Amino acid sequence: MNQFIFKPLLIAIAILFISACKTDQNRSSQSFEIIGVKIYEHSGDYESLFEEWKEIGINAVFCSKDLFSDKEFRSFTKKFGIASFIISPVFFIPEELQSDSNLYAMTEDGSKAKDDWVEFICPSRVDYRQRIVRNISEMVQDLEPDGISIDFIRHFVFWESVFPDMRYEDLPKTCFDCSCLNHFQDHTGIEIPESVGSTEDIAKWIQENHLEEWVTWKCGLISNMVEEIVNEVKKIKPNIKTNVHIVPWREADYNDALRKVTGQDVSMLANYTDYLSPMTYSHMVKRKPTWVHSVVSDIYRQSGSKILPSIQVKEAYLNDTLGLEEFRMNLMEALKPPSNGVVFWSWEQLVEDPGKKEVIKAVLGINKYQ
């Protein structure tokens, strides 16, 4: 690297170290329950990977099933005392939709629940739900992780592209396929008039006449699925930890869209899981760093649960760069009470930006230069 470029970079990182220390001088004396990192694949040496994690302050890994299926990787989690969580998707499994397109959830206009790479399975299919619960249980039986991190456990929405100026009316509503409509009527006793014919008309009739019953039922589909998964894995491993990924919306955002659109009622979900993990990717959704803490606080207020925010390491979807200072501020906001720690998305992105590893060490109070 050109010395005229390298020297200013070192100065910038040093300034961030000093700023982190001055902003929170007591940080080094604090301990957080989980300092985690998401990782989906790794082709290098495991020992050096885990040594670096310990040096940075990582004490938990949230990884794919494929990676944790590697016996050597599992052995290093034990050797280094790194808590292991397998990320377990539920209603976003593209392979399932490729095998059976009838599984698609349906939007209010009668189209498949698909937007860019996001494509969702109908959440009321009994056979599918039972199969997913069984698959996760078998995974826990075979691999014995310390925890599971339940992902895509919600209704369809490409939330990563939902910005502050959008409205509830701009967001997709699901699921209005025959399975969901029949289950909704059976569960609530509400009968959809025969005169209401098209999917679009049915969706409009429900939302105009029985919106709260519809939302409560939608939320029940999600919370009951979490309950089923947790109950089954605890039969196998009673002390297993459970985490649920949460769309990062506060109660007032988009007219309570966290419940109305995603079906994630955090007060209900808190009954079944150890952690709720809002994906507070502020740069992605055009929010200020202070927004991260506001999401954590709001979800805690509603649920009383342990909150484990996840923050992004690198820009995504947008062209403007997520710099060192903004990353530091996001991390500081994520660690404010009532947070129980932080999870970095993702290790692959941290590898691309070593300066952010140094920021993590500085903020956590373990930087060797302090």
# chains A, B, ... in the order shown; residues from 1 in each chain; ligands from 1

$ residues_around --residues "Met139 (chain A)" --least-positions-apart "5" --cutoff "12 Å" --atoms "only C-alpha atoms" --output "PyMOL selection string"
chain A and resi 64-66+68-69+85-88+132-134+144-148+229+232-233+236-237

$ write_last_selection --atoms "N, CA and C atoms" --output "compact mmCIF listing (two decimals), in the first residue's frame"
# COMPACT_ATOMS: atom_id res chain seq x y z
N SER A 64 -24.19 -21.08 9.64
CA SER A 64 -25.06 -21.93 8.84
C SER A 64 -24.95 -23.37 9.30
N LYS A 65 -25.97 -24.14 8.98
CA LYS A 65 -25.94 -25.57 9.30
C LYS A 65 -24.78 -26.24 8.57
N ASP A 66 -24.54 -25.85 7.32
CA ASP A 66 -23.47 -26.48 6.55
C ASP A 66 -22.13 -26.30 7.23
N PHE A 68 -21.54 -25.63 10.46
CA PHE A 68 -21.50 -26.32 11.75
C PHE A 68 -21.50 -27.84 11.58
N SER A 69 -21.84 -28.31 10.41
CA SER A 69 -21.79 -29.75 10.13
C SER A 69 -20.35 -30.25 10.01
N PHE A 85 -24.50 -21.06 17.77
CA PHE A 85 -25.90 -20.98 17.38
C PHE A 85 -25.99 -21.32 15.89
N ILE A 86 -26.84 -22.26 15.54
CA ILE A 86 -27.07 -22.55 14.13
C ILE A 86 -28.23 -21.69 13.64
N ILE A 87 -28.00 -20.95 12.57
CA ILE A 87 -29.05 -20.14 11.97
C ILE A 87 -30.00 -21.06 11.20
N SER A 88 -31.27 -21.02 11.57
CA SER A 88 -32.25 -21.97 11.04
C SER A 88 -33.41 -21.22 10.38
N ILE A 132 -40.44 -28.83 8.96
CA ILE A 132 -39.39 -27.91 9.41
C ILE A 132 -39.05 -28.16 10.88
N VAL A 133 -40.08 -28.34 11.70
CA VAL A 133 -39.84 -28.63 13.12
C VAL A 133 -39.03 -29.91 13.27
N ARG A 134 -39.39 -30.90 12.49
CA ARG A 134 -38.67 -32.17 12.55
C ARG A 134 -37.22 -32.02 12.08
N GLU A 144 -25.72 -31.04 18.07
CA GLU A 144 -25.62 -30.57 19.45
C GLU A 144 -25.05 -29.16 19.58
N PRO A 145 -25.65 -28.17 18.92
CA PRO A 145 -25.19 -26.78 19.11
C PRO A 145 -25.60 -26.27 20.48
N ASP A 146 -24.99 -25.17 20.89
CA ASP A 146 -25.41 -24.55 22.14
C ASP A 146 -26.75 -23.84 21.99
N GLY A 147 -27.06 -23.44 20.76
CA GLY A 147 -28.31 -22.73 20.53
C GLY A 147 -28.75 -22.79 19.09
N ILE A 148 -29.98 -22.37 18.85
CA ILE A 148 -30.48 -22.19 17.49
C ILE A 148 -30.93 -20.74 17.35
N ILE A 229 -41.13 -25.24 17.63
CA ILE A 229 -39.70 -25.51 17.43
C ILE A 229 -38.98 -25.61 18.77
N GLU A 232 -39.79 -28.76 20.86
CA GLU A 232 -39.19 -29.99 20.34
C GLU A 232 -37.68 -30.04 20.58
N VAL A 233 -36.97 -28.93 20.36
CA VAL A 233 -35.52 -28.97 20.56
C VAL A 233 -35.17 -29.10 22.03
N ILE A 236 -34.87 -32.58 23.28
CA ILE A 236 -33.58 -33.19 22.95
C ILE A 236 -32.46 -32.62 23.81
N LYS A 237 -32.47 -31.29 23.97
CA LYS A 237 -31.43 -30.61 24.74
C LYS A 237 -32.09 -29.54 25.60

$ closest_residue --among "A:Asp265, A:Glu213, A:Asp274, A:Asp45" --to "Ser305 (chain A)" --atoms "only C-alpha atoms"
A:Asp274

$ atom_distance --atom1 "CA of Asn231 (chain A)" --atom2 "CA of Ser84 (chain A)"
19.2 Å

$ residues_around --residues "region 241-252 of chain A" --least-positions-apart "6" --cutoff "6 Å" --atoms "only C-alpha atoms" --output "VMD selection string"
chain A and resid 147 to 151 258 273 to 280 295 298

$ write_last_selection --atoms "all heavy atoms" --output "tab-separated table (two decimals), in the first residue's frame"
chain	number	residue	atom	x	y	z
A	147	GLY	N	-27.06	-23.44	20.76
A	147	GLY	CA	-28.31	-22.73	20.53
A	147	GLY	C	-28.75	-22.79	19.09
A	147	GLY	O	-28.00	-23.22	18.20
A	148	ILE	N	-29.98	-22.37	18.85
A	148	ILE	CA	-30.48	-22.19	17.49
A	148	ILE	C	-30.93	-20.74	17.35
A	148	ILE	O	-31.39	-20.13	18.30
A	148	ILE	CB	-31.64	-23.14	17.14
A	148	ILE	CG1	-32.79	-23.00	18.14
A	148	ILE	CG2	-31.15	-24.58	17.05
A	148	ILE	CD1	-34.05	-23.73	17.71
A	149	SER	N	-30.74	-20.19	16.16
A	149	SER	CA	-31.11	-18.81	15.87
A	149	SER	C	-32.13	-18.86	14.74
A	149	SER	O	-31.79	-19.10	13.57
A	149	SER	CB	-29.86	-18.02	15.46
A	149	SER	OG	-30.08	-16.64	15.49
A	150	ILE	N	-33.41	-18.67	15.09
A	150	ILE	CA	-34.50	-18.92	14.16
A	150	ILE	C	-34.70	-17.70	13.26
A	150	ILE	O	-35.03	-16.61	13.72
A	150	ILE	CB	-35.80	-19.26	14.91
A	150	ILE	CG1	-35.55	-20.37	15.94
A	150	ILE	CG2	-36.88	-19.69	13.94
A	150	ILE	CD1	-36.72	-20.64	16.86
A	151	ASP	N	-34.51	-17.91	11.96
A	151	ASP	CA	-34.52	-16.82	10.99
A	151	ASP	C	-35.72	-16.96	10.04
A	151	ASP	O	-36.26	-18.06	9.86
A	151	ASP	CB	-33.21	-16.87	10.19
A	151	ASP	CG	-32.90	-15.56	9.49
A	151	ASP	OD1	-33.64	-14.58	9.69
A	151	ASP	OD2	-31.91	-15.53	8.74
A	258	LEU	N	-44.89	-4.17	12.26
A	258	LEU	CA	-44.21	-5.37	12.76
A	258	LEU	C	-45.23	-6.47	13.04
A	258	LEU	O	-45.00	-7.64	12.72
A	258	LEU	CB	-43.43	-5.04	14.04
A	258	LEU	CG	-42.54	-6.18	14.57
A	258	LEU	CD1	-41.49	-6.59	13.55
A	258	LEU	CD2	-41.87	-5.78	15.88
A	273	THR	N	-38.75	-17.78	23.72
A	273	THR	CA	-37.36	-17.74	23.30
A	273	THR	C	-36.49	-17.00	24.32
A	273	THR	O	-36.99	-16.18	25.09
A	273	THR	CB	-37.23	-17.08	21.91
A	273	THR	OG1	-35.89	-17.17	21.45
A	273	THR	CG2	-37.65	-15.63	21.96
A	274	ASP	N	-35.20	-17.28	24.32
A	274	ASP	CA	-34.27	-16.61	25.24
A	274	ASP	C	-33.92	-15.20	24.78
A	274	ASP	O	-33.75	-14.30	25.60
A	274	ASP	CB	-32.99	-17.43	25.37
A	274	ASP	CG	-33.23	-18.78	26.02
A	274	ASP	OD1	-33.67	-18.80	27.18
A	274	ASP	OD2	-33.01	-19.82	25.36
A	275	TYR	N	-33.77	-15.03	23.46
A	275	TYR	CA	-33.36	-13.73	22.92
A	275	TYR	C	-34.25	-13.33	21.75
A	275	TYR	O	-34.69	-14.18	20.97
A	275	TYR	CB	-31.91	-13.78	22.40
A	275	TYR	CG	-30.89	-14.20	23.41
A	275	TYR	CD1	-30.43	-15.52	23.45
A	275	TYR	CD2	-30.33	-13.29	24.32
A	275	TYR	CE1	-29.47	-15.92	24.37
A	275	TYR	CE2	-29.38	-13.68	25.24
A	275	TYR	CZ	-28.95	-15.01	25.26
A	275	TYR	OH	-28.00	-15.40	26.17
A	276	LEU	N	-34.47	-12.03	21.62
A	276	LEU	CA	-35.03	-11.45	20.42
A	276	LEU	C	-33.93	-10.62	19.78
A	276	LEU	O	-33.29	-9.81	20.45
A	276	LEU	CB	-36.23	-10.56	20.75
A	276	LEU	CG	-37.45	-11.26	21.38
A	276	LEU	CD1	-38.52	-10.24	21.74
A	276	LEU	CD2	-38.01	-12.33	20.45
A	277	SER	N	-33.71	-10.83	18.48
A	277	SER	CA	-32.57	-10.20	17.83
A	277	SER	C	-33.01	-9.33	16.65
A	277	SER	O	-33.10	-9.80	15.51
A	277	SER	CB	-31.58	-11.28	17.33
A	277	SER	OG	-30.43	-10.68	16.78
A	278	PRO	N	-33.29	-8.04	16.91
A	278	PRO	CA	-33.66	-7.15	15.80
A	278	PRO	C	-32.46	-6.91	14.89
A	278	PRO	O	-31.34	-6.69	15.35
A	278	PRO	CB	-34.07	-5.86	16.52
A	278	PRO	CG	-33.36	-5.90	17.83
A	278	PRO	CD	-33.29	-7.35	18.21
A	279	MET	N	-32.71	-6.98	13.59
A	279	MET	CA	-31.64	-6.80	12.61
A	279	MET	C	-31.51	-5.31	12.31
A	279	MET	O	-31.96	-4.82	11.28
A	279	MET	CB	-31.97	-7.62	11.35
A	279	MET	CG	-31.99	-9.12	11.64
A	279	MET	SD	-32.71	-10.12	10.30
A	279	MET	CE	-34.48	-9.80	10.52
A	280	THR	N	-30.85	-4.60	13.21
A	280	THR	CA	-30.79	-3.14	13.15
A	280	THR	C	-29.70	-2.68	12.18
A	280	THR	O	-28.69	-2.10	12.58
A	280	THR	CB	-30.55	-2.57	14.56
A	280	THR	OG1	-29.45	-3.25	15.18
A	280	THR	CG2	-31.78	-2.72	15.42
A	295	VAL	N	-34.64	1.12	18.56
A	295	VAL	CA	-35.29	-0.16	18.23
A	295	VAL	C	-35.13	-1.14	19.39
A	295	VAL	O	-36.09	-1.80	19.81
A	295	VAL	CB	-34.73	-0.76	16.93
A	295	VAL	CG1	-35.27	-2.17	16.70
A	295	VAL	CG2	-35.06	0.13	15.74
A	298	ASP	N	-37.39	-0.09	22.25
A	298	ASP	CA	-38.81	-0.27	21.97
A	298	ASP	C	-39.21	-1.74	22.04
A	298	ASP	O	-40.26	-2.07	22.61
A	298	ASP	CB	-39.16	0.29	20.60
A	298	ASP	CG	-40.65	0.43	20.38
A	298	ASP	OD1	-41.24	1.36	20.95
A	298	ASP	OD2	-41.23	-0.43	19.68

$ residues_around --residues "Ser111 (chain A)" --least-positions-apart "5" --cutoff "12 Å" --atoms "only C-alpha atoms" --output "number ranges by chain"
A: 102, 104-106, 119-120, 172-177, 198-200

$ write_last_selection --atoms "C-alpha atoms" --output "PDB file, in the first residue's frame"
ATOM      1  CA  ASN A 102     -47.582 -24.365  -4.698  1.00  0.00           C
ATOM      2  CA  TYR A 104     -45.662 -19.821  -2.226  1.00  0.00           C
ATOM      3  CA  ALA A 105     -47.430 -17.385   0.053  1.00  0.00           C
ATOM      4  CA  MET A 106     -49.851 -15.098  -1.774  1.00  0.00           C
ATOM      5  CA  GLU A 119     -39.550 -15.322  -1.693  1.00  0.00           C
ATOM      6  CA  PHE A 120     -41.746 -16.714   1.047  1.00  0.00           C
ATOM      7  CA  PRO A 172     -47.169  -6.032   0.992  1.00  0.00           C
ATOM      8  CA  LYS A 173     -49.842  -7.928   2.928  1.00  0.00           C
ATOM      9  CA  THR A 174     -49.904 -11.721   3.089  1.00  0.00           C
ATOM     10  CA  CYS A 175     -50.916 -14.507   3.066  1.00  0.00           C
ATOM     11  CA  PHE A 176     -54.156 -14.822   1.131  1.00  0.00           C
ATOM     12  CA  ASP A 177     -53.866 -18.274  -0.416  1.00  0.00           C
ATOM     13  CA  SER A 198     -61.232 -12.440  -6.122  1.00  0.00           C
ATOM     14  CA  THR A 199     -58.168 -12.617  -3.898  1.00  0.00           C
ATOM     15  CA  GLU A 200     -57.878  -8.837  -4.044  1.00  0.00           C
TER      16      GLU A 200
END

$ atom_distance --atom1 "CA of Val343 (chain A)" --atom2 "CA of Ile34 (chain A)"
7.6 Å

$ atom_distance --atom1 "CA of Gln349 (chain A)" --atom2 "CA of Lys71 (chain A)"
24.3 Å
